[in-house]
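A.B. asks: Please find one structure pasted underneath; my questions will follow.
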Amino acid sequence: MATSASSKLSKTVKQQYLDLPQGDEVQAMYIWIDGTGEGLRCKTRTLDSEPKTIEELPEWNFDGSSTYQSEGSNSDMYLIPQAMFRDPFRKDPNKLVLCEVLKYNRKPAETNLRQMCKKIMGMVQNQHPWFGMEQEYTILGTDGHPFGWPSNGFPGPQGPYYCGVGADKAYGRDVVEAHYRACLYAGVKICGTNAEVMPAQWEFQVGPCEGIEMGDHLWIARFLLHRVCEDFGVIASFDPKPISGNWNGAGCHTNFSTKEMREEGGLKYIEESIERLAKRHQYHIRAYDPKGGLDNARRLTGHHETSNINEFSAGVANRGASIRIPRSVGQEKKGYFEDRRPSANCDPYAVTEALIRTCLLSEVGEEPMTYK
């Protein structure tokens with residue numbers, strides 16, 4: 001199995017240094033989304049004392065010409081701290097800091113979708129929108145081959161792997177367990193995990209989160225996964241269709257509700273939202289992967305528990321639909337619905353913003369509305 005050279009360095013030797021006292025000073029790792037809209041970058045600075053609030057964290061900068069975010073002649077970009085988590089790798093009192101990226105003129109970078117998402121969430125905060133996102137991913141070796149698969153072939157067909165147990169069914173559980181505990185330590189609202197349909201494919205769920213918190217927590221959970229995989233010498237892929245053929249793709253099913261939907265008679269509001277979504281299918285498809293729908297086109301074929309990318313559908317307990325109403329929600333006449341269209345590599349800020357715009361702000365048409 002192809003694993004990285006770094007993973008073979010002695011972790012025992014490294015631990016000798018991590019056990020050294022650090023005095024009152026704190027390491028803060030600043031994390032941001034790069035110009036691909038998918039990749040994450042990070043760098044660390046020393047703070048004189050442990051920060052208790054976001055306001056105590058200084059702004060910073062970086063070279064945007066090396067992250068696909070600016071020209072070399074005008075490359076300084078600003079890092080603006082927005083959310084702070086405990087660092088499960090360096091441990092307390094050290095911090096992980098999720099940042100927004102601003103350009104030289106203090107306007108948001110092209111892949112900084114958080115700023116607009118936060119504005120839209122602020123317009124509907126009295127409706128208390130809750131989200132839960134189901135992040136699927138595939139563990140790969142450094143050669144790009146799924147972890148545990150035969151080097152010159154394929155494992156047995158799908159069937160025994162979903163929620164499977166045993167060395168011949170679960171590939172890479174160590175990564176999953178380490179990531180789960182890292183998320184809990186960091187303060188990420190991870191709520192579950194399971195092996196998925198394709199061997200070496202897994203899923204973790206984050207939520208319920210209200211408003212902008214959904215995007216913040218999912219991005220940090222992804223960062224933690226990449227960082228855990230780095231330690232094990234493997235790669236976490238969010239590609240929506242990493243292996244072509246008769247193998248399931250990877251999505252990021254998004255569960256959504258408002259206060260009204262969660263209360264008695266809420267099914268009426270769920271159905272109204274689904275009607276609005278039905279009239280705006282292409283807008284959502286464009287928002288649900290970083291390439292405007294091109295990535296998802298490989299996954300949303302109407303097969304392997306997906307809907308067809310060109311058609312909108314909805315149904316109770318139907319995993320082949322665009323929108324699924326869970327059976328319990330249909331029976332209790334209240335709760336939430338699941339949008340099964342977002343791709344595994346979606347930007348959660350874009351997905352949650354699109355749902356709010358269509359379902360709660362009643363927007364129509366192929367373009368988002370501009371608000372003052």
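FYI, nothing fancy with the structure tokens labels: chains A, B, ... in order, residues from 1 per chain, ligands from 1 as they appear.
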Extract the full set of strand (DSSP E or B) residues from stretch 159-330 of chain A according to DSSP on the backbone, and format it as a ChimeraX atom specification.

C.D. replies: /A:190-195,201-210,235-237,251-257,301,308,314-316,323-325

A.B. asks: So which residues of stretch 81-302 of chain A fall under alpha helix (DSSP H) by DSSP, listed as number ranges by chain?

C.D. replies: A: 114-123, 173-186, 213-232, 259-262, 267-278, 281-287, 294-297

A.B. asks: Just want the 10 Å neighbourhood of stretch 256-270 of chain A, counted on only C-alpha atoms, with same-chain residues fewer than 2 positions away dropped. Output as an NGL selection string.

C.D. replies: :A and (124-133 or 208-210 or 253-254 or 272-275 or 325 or 329-339 or 352 or 355-356 or 359-360)

A.B. asks: Go through A:Thr67, A:Gly315, A:Met1, A:Pro157 and flag the residue nearest A:Arg327, using only C-alpha atoms for the distances.

C.D. replies: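 Result for the nearest residue to A:Arg327: A:Gly315.
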
A.B. asks: Please report, as CSV, each residue of stretch 127-171 of chain A lying at most 12 Å from stretch 247-252 of chain A, together with the nearest pair of atoms and the separation in Å rounded to one decimal; use only C-alpha atoms, and order rows by chain and ascending residue number.

C.D. replies:
residue,atom,partner,partner_atom,distance
A:Phe131,CA,A:Cys252,CA,11.9
A:Gly132,CA,A:Cys252,CA,9.7
A:Met133,CA,A:Cys252,CA,6.1
A:Glu134,CA,A:Cys252,CA,5.0
A:Gln135,CA,A:Cys252,CA,4.7
A:Glu136,CA,A:Ala250,CA,5.3
A:Tyr137,CA,A:Ala250,CA,6.1
A:Thr138,CA,A:Ala250,CA,7.8
A:Ile139,CA,A:Ala250,CA,11.6
A:Pro146,CA,A:Trp247,CA,11.9
A:Phe154,CA,A:Trp247,CA,10.6
A:Pro155,CA,A:Trp247,CA,10.8
A:Gly156,CA,A:Trp247,CA,10.9
A:Pro157,CA,A:Trp247,CA,8.3
A:Gln158,CA,A:Trp247,CA,7.2
A:Gly159,CA,A:Trp247,CA,10.5
A:Tyr161,CA,A:Asn248,CA,11.4
A:Tyr162,CA,A:Asn248,CA,10.9

A.B. asks: Could the residues in this selection be written to a file with N, CA and C atoms, as a PDB file, in the first residue's frame?

C.D. replies:
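Ended up saving to selection.pdb:
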ATOM      1  N   PHE A 131     -28.988  22.962  10.192  1.00  0.00           N
ATOM      2  CA  PHE A 131     -28.442  22.113   9.134  1.00  0.00           C
ATOM      3  C   PHE A 131     -27.699  20.932   9.746  1.00  0.00           C
ATOM      4  N   GLY A 132     -27.676  19.835   9.019  1.00  0.00           N
ATOM      5  CA  GLY A 132     -26.801  18.705   9.334  1.00  0.00           C
ATOM      6  C   GLY A 132     -26.265  18.195   8.019  1.00  0.00           C
ATOM      7  N   MET A 133     -24.933  18.078   7.894  1.00  0.00           N
ATOM      8  CA  MET A 133     -24.346  17.658   6.619  1.00  0.00           C
ATOM      9  C   MET A 133     -23.629  16.322   6.781  1.00  0.00           C
ATOM     10  N   GLU A 134     -23.849  15.434   5.812  1.00  0.00           N
ATOM     11  CA  GLU A 134     -23.304  14.076   5.831  1.00  0.00           C
ATOM     12  C   GLU A 134     -22.145  14.012   4.833  1.00  0.00           C
ATOM     13  N   GLN A 135     -20.929  14.114   5.358  1.00  0.00           N
ATOM     14  CA  GLN A 135     -19.747  14.221   4.509  1.00  0.00           C
ATOM     15  C   GLN A 135     -19.181  12.853   4.153  1.00  0.00           C
ATOM     16  N   GLU A 136     -19.320  12.471   2.886  1.00  0.00           N
ATOM     17  CA  GLU A 136     -18.702  11.233   2.410  1.00  0.00           C
ATOM     18  C   GLU A 136     -17.311  11.529   1.870  1.00  0.00           C
ATOM     19  N   TYR A 137     -16.405  10.540   2.006  1.00  0.00           N
ATOM     20  CA  TYR A 137     -15.048  10.702   1.488  1.00  0.00           C
ATOM     21  C   TYR A 137     -14.459   9.320   1.227  1.00  0.00           C
ATOM     22  N   THR A 138     -13.366   9.291   0.479  1.00  0.00           N
ATOM     23  CA  THR A 138     -12.687   8.039   0.157  1.00  0.00           C
ATOM     24  C   THR A 138     -11.237   8.126   0.617  1.00  0.00           C
ATOM     25  N   ILE A 139     -10.761   7.080   1.286  1.00  0.00           N
ATOM     26  CA  ILE A 139      -9.356   7.026   1.691  1.00  0.00           C
ATOM     27  C   ILE A 139      -8.548   6.434   0.542  1.00  0.00           C
ATOM     28  N   PRO A 146      -7.605   3.475  -4.167  1.00  0.00           N
ATOM     29  CA  PRO A 146      -8.343   3.362  -2.895  1.00  0.00           C
ATOM     30  C   PRO A 146      -7.622   2.473  -1.882  1.00  0.00           C
ATOM     31  N   PHE A 154      -9.780  -5.096  -8.330  1.00  0.00           N
ATOM     32  CA  PHE A 154     -10.892  -4.539  -7.556  1.00  0.00           C
ATOM     33  C   PHE A 154     -11.265  -5.492  -6.430  1.00  0.00           C
ATOM     34  N   PRO A 155     -11.846  -4.957  -5.361  1.00  0.00           N
ATOM     35  CA  PRO A 155     -12.406  -5.838  -4.328  1.00  0.00           C
ATOM     36  C   PRO A 155     -13.715  -6.455  -4.830  1.00  0.00           C
ATOM     37  N   GLY A 156     -14.323  -7.293  -4.004  1.00  0.00           N
ATOM     38  CA  GLY A 156     -15.617  -7.856  -4.376  1.00  0.00           C
ATOM     39  C   GLY A 156     -16.667  -6.769  -4.533  1.00  0.00           C
ATOM     40  N   PRO A 157     -17.759  -7.054  -5.234  1.00  0.00           N
ATOM     41  CA  PRO A 157     -18.768  -6.024  -5.505  1.00  0.00           C
ATOM     42  C   PRO A 157     -19.406  -5.471  -4.237  1.00  0.00           C
ATOM     43  N   GLN A 158     -20.014  -4.295  -4.394  1.00  0.00           N
ATOM     44  CA  GLN A 158     -20.664  -3.614  -3.276  1.00  0.00           C
ATOM     45  C   GLN A 158     -21.766  -4.486  -2.685  1.00  0.00           C
ATOM     46  N   GLY A 159     -21.970  -4.313  -1.399  1.00  0.00           N
ATOM     47  CA  GLY A 159     -22.975  -5.101  -0.690  1.00  0.00           C
ATOM     48  C   GLY A 159     -22.587  -5.301   0.756  1.00  0.00           C
ATOM     49  N   TYR A 161     -20.073  -3.855   2.467  1.00  0.00           N
ATOM     50  CA  TYR A 161     -19.183  -2.846   3.056  1.00  0.00           C
ATOM     51  C   TYR A 161     -19.911  -1.780   3.873  1.00  0.00           C
ATOM     52  N   TYR A 162     -21.120  -1.408   3.482  1.00  0.00           N
ATOM     53  CA  TYR A 162     -21.861  -0.356   4.178  1.00  0.00           C
ATOM     54  C   TYR A 162     -22.071  -0.748   5.646  1.00  0.00           C
TER      55      TYR A 162
END

A.B. asks: Restricting the calculation to only C-alpha atoms: of A:Arg298, A:Lys91, A:Arg227, A:Arg340, which residue gets closest to A:Cys42?

C.D. replies: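 Ranking A:Arg298, A:Lys91, A:Arg227, A:Arg340 by distance to A:Cys42, first place goes to A:Arg227.
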
A.B. asks: Which one is closest to A:Met198: A:Cys346, A:Ile235, A:Ala170, A:Leu47? Count only C-alpha atoms.

C.D. replies: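 Checking each candidate against A:Met198, we get A:Ala170 as the closest.
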
A.B. asks: Could you pull the residues within 12 Å of A:His226, counting only C-alpha atoms, minus those fewer than 2 positions along the same chain, as JSON, numbers by chain?

C.D. replies: {"A": [38, 39, 40, 41, 42, 137, 138, 139, 140, 175, 176, 178, 179, 182, 219, 220, 221, 222, 223, 224, 228, 229, 230, 231, 232, 233, 234, 235, 236, 237, 238]}

A.B. asks: Select, from A:Lys11, A:His217, A:Arg173, A:Lys103, the residue with the minimum atom-to-atom distance to A:Ile190, counting only C-alpha atoms.

C.D. replies: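 Counting only C-alpha atoms, the residue closest to A:Ile190 is A:His217.
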
A.B. asks: Would you mind reading off the distance between atom CA of A:Val351 and atom CA of A:Phe204, one decimal, in Å?

C.D. replies: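 Atom CA of A:Phe204 lies 17.4 Å from atom CA of A:Val351.
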
A.B. asks: Using only C-alpha atoms, pick whichever of A:Pro21, A:Pro160, A:Pro199, A:Pro348 has the shortest atom-to-atom distance to A:Ile243.

C.D. replies: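 With only C-alpha atoms as the atom set, the closest residue is A:Pro199.
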
A.B. asks: Separation of atom CA of A:Tyr283 and atom CA of A:Asn105, in Å?

C.D. replies: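 Interatomic distance here is 29.4 Å.
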
A.B. asks: Give me, as a list in words, all polymer residues having an atom no more than 10 Å from A:Leu18, counting only C-alpha atoms and skipping those fewer than 5 positions away in the same chain.

C.D. replies: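 The residues that qualify are Thr12, Val13, Phe89, Arg90 and Lys91 of chain A.
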
A.B. asks: Please produce a file of the residues just selected, as a PDB file, in the first residue's frame, where the atoms kept are all heavy atoms.

C.D. replies:
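In the end it all went to selection-v6.pdb:
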ATOM      1  N   THR A  12       7.520   8.606  17.892  1.00  0.00           N
ATOM      2  CA  THR A  12       8.035   8.587  19.272  1.00  0.00           C
ATOM      3  C   THR A  12       9.036   9.714  19.482  1.00  0.00           C
ATOM      4  O   THR A  12       9.003  10.412  20.499  1.00  0.00           O
ATOM      5  CB  THR A  12       8.703   7.225  19.569  1.00  0.00           C
ATOM      6  OG1 THR A  12       7.795   6.183  19.250  1.00  0.00           O
ATOM      7  CG2 THR A  12       9.105   7.127  21.034  1.00  0.00           C
ATOM      8  N   VAL A  13       9.907   9.915  18.518  1.00  0.00           N
ATOM      9  CA  VAL A  13      10.883  11.015  18.600  1.00  0.00           C
ATOM     10  C   VAL A  13      10.147  12.354  18.606  1.00  0.00           C
ATOM     11  O   VAL A  13      10.450  13.246  19.402  1.00  0.00           O
ATOM     12  CB  VAL A  13      11.884  10.937  17.425  1.00  0.00           C
ATOM     13  CG1 VAL A  13      12.767  12.176  17.401  1.00  0.00           C
ATOM     14  CG2 VAL A  13      12.723   9.677  17.530  1.00  0.00           C
ATOM     15  N   PHE A  89      -3.986  18.236  17.910  1.00  0.00           N
ATOM     16  CA  PHE A  89      -2.654  17.731  17.586  1.00  0.00           C
ATOM     17  C   PHE A  89      -1.611  18.279  18.569  1.00  0.00           C
ATOM     18  O   PHE A  89      -0.785  17.546  19.084  1.00  0.00           O
ATOM     19  CB  PHE A  89      -2.303  18.077  16.140  1.00  0.00           C
ATOM     20  CG  PHE A  89      -3.355  17.614  15.176  1.00  0.00           C
ATOM     21  CD1 PHE A  89      -4.243  18.518  14.603  1.00  0.00           C
ATOM     22  CD2 PHE A  89      -3.505  16.264  14.881  1.00  0.00           C
ATOM     23  CE1 PHE A  89      -5.233  18.091  13.738  1.00  0.00           C
ATOM     24  CE2 PHE A  89      -4.493  15.825  14.018  1.00  0.00           C
ATOM     25  CZ  PHE A  89      -5.371  16.738  13.447  1.00  0.00           C
ATOM     26  N   ARG A  90      -1.683  19.581  18.841  1.00  0.00           N
ATOM     27  CA  ARG A  90      -0.761  20.194  19.812  1.00  0.00           C
ATOM     28  C   ARG A  90      -1.373  20.253  21.206  1.00  0.00           C
ATOM     29  O   ARG A  90      -0.687  20.524  22.172  1.00  0.00           O
ATOM     30  CB  ARG A  90      -0.418  21.604  19.346  1.00  0.00           C
ATOM     31  CG  ARG A  90       0.364  21.636  18.041  1.00  0.00           C
ATOM     32  CD  ARG A  90       0.393  23.036  17.466  1.00  0.00           C
ATOM     33  NE  ARG A  90       1.275  23.126  16.310  1.00  0.00           N
ATOM     34  CZ  ARG A  90       1.121  24.023  15.334  1.00  0.00           C
ATOM     35  NH1 ARG A  90       0.124  24.900  15.379  1.00  0.00           N
ATOM     36  NH2 ARG A  90       1.973  24.056  14.332  1.00  0.00           N
ATOM     37  N   LYS A  91      -2.690  20.051  21.258  1.00  0.00           N
ATOM     38  CA  LYS A  91      -3.466  20.039  22.507  1.00  0.00           C
ATOM     39  C   LYS A  91      -3.499  21.411  23.190  1.00  0.00           C
ATOM     40  O   LYS A  91      -2.833  22.351  22.774  1.00  0.00           O
ATOM     41  CB  LYS A  91      -2.959  18.957  23.462  1.00  0.00           C
ATOM     42  CG  LYS A  91      -2.959  17.556  22.831  1.00  0.00           C
ATOM     43  CD  LYS A  91      -2.897  16.466  23.865  1.00  0.00           C
ATOM     44  CE  LYS A  91      -2.979  15.096  23.229  1.00  0.00           C
ATOM     45  NZ  LYS A  91      -1.760  14.734  22.483  1.00  0.00           N
TER      46      LYS A  91
END

A.B. asks: Counting only C-alpha atoms, which of A:Val364, A:Ala5, A:Ala167, A:Ile33 gets nearest to A:Val101?

C.D. replies: A:Ile33

A.B. asks: Can you tell me which residues surround A:Lys118 at a distance of at most 10 Å, considering only C-alpha atoms, apart from same-chain residues fewer than 4 positions away, and format the answer as a ChimeraX atom specification?

C.D. replies: /A:113-114,122-123,211-213,215,349,353

A.B. asks: Find the distance between atom CA of A:Thr36 and atom CA of A:Gln69 and write it in Å to one decimal.

C.D. replies: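 Computed distance, atom CA of A:Thr36 to atom CA of A:Gln69, equals 8.4 Å.
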
A.B. asks: Could you pull the residues within 9 Å of A:Gly172, counting only C-alpha atoms, minus those fewer than 5 positions along the same chain, as a ChimeraX atom specification?

C.D. replies: /A:139,147-148,200-201
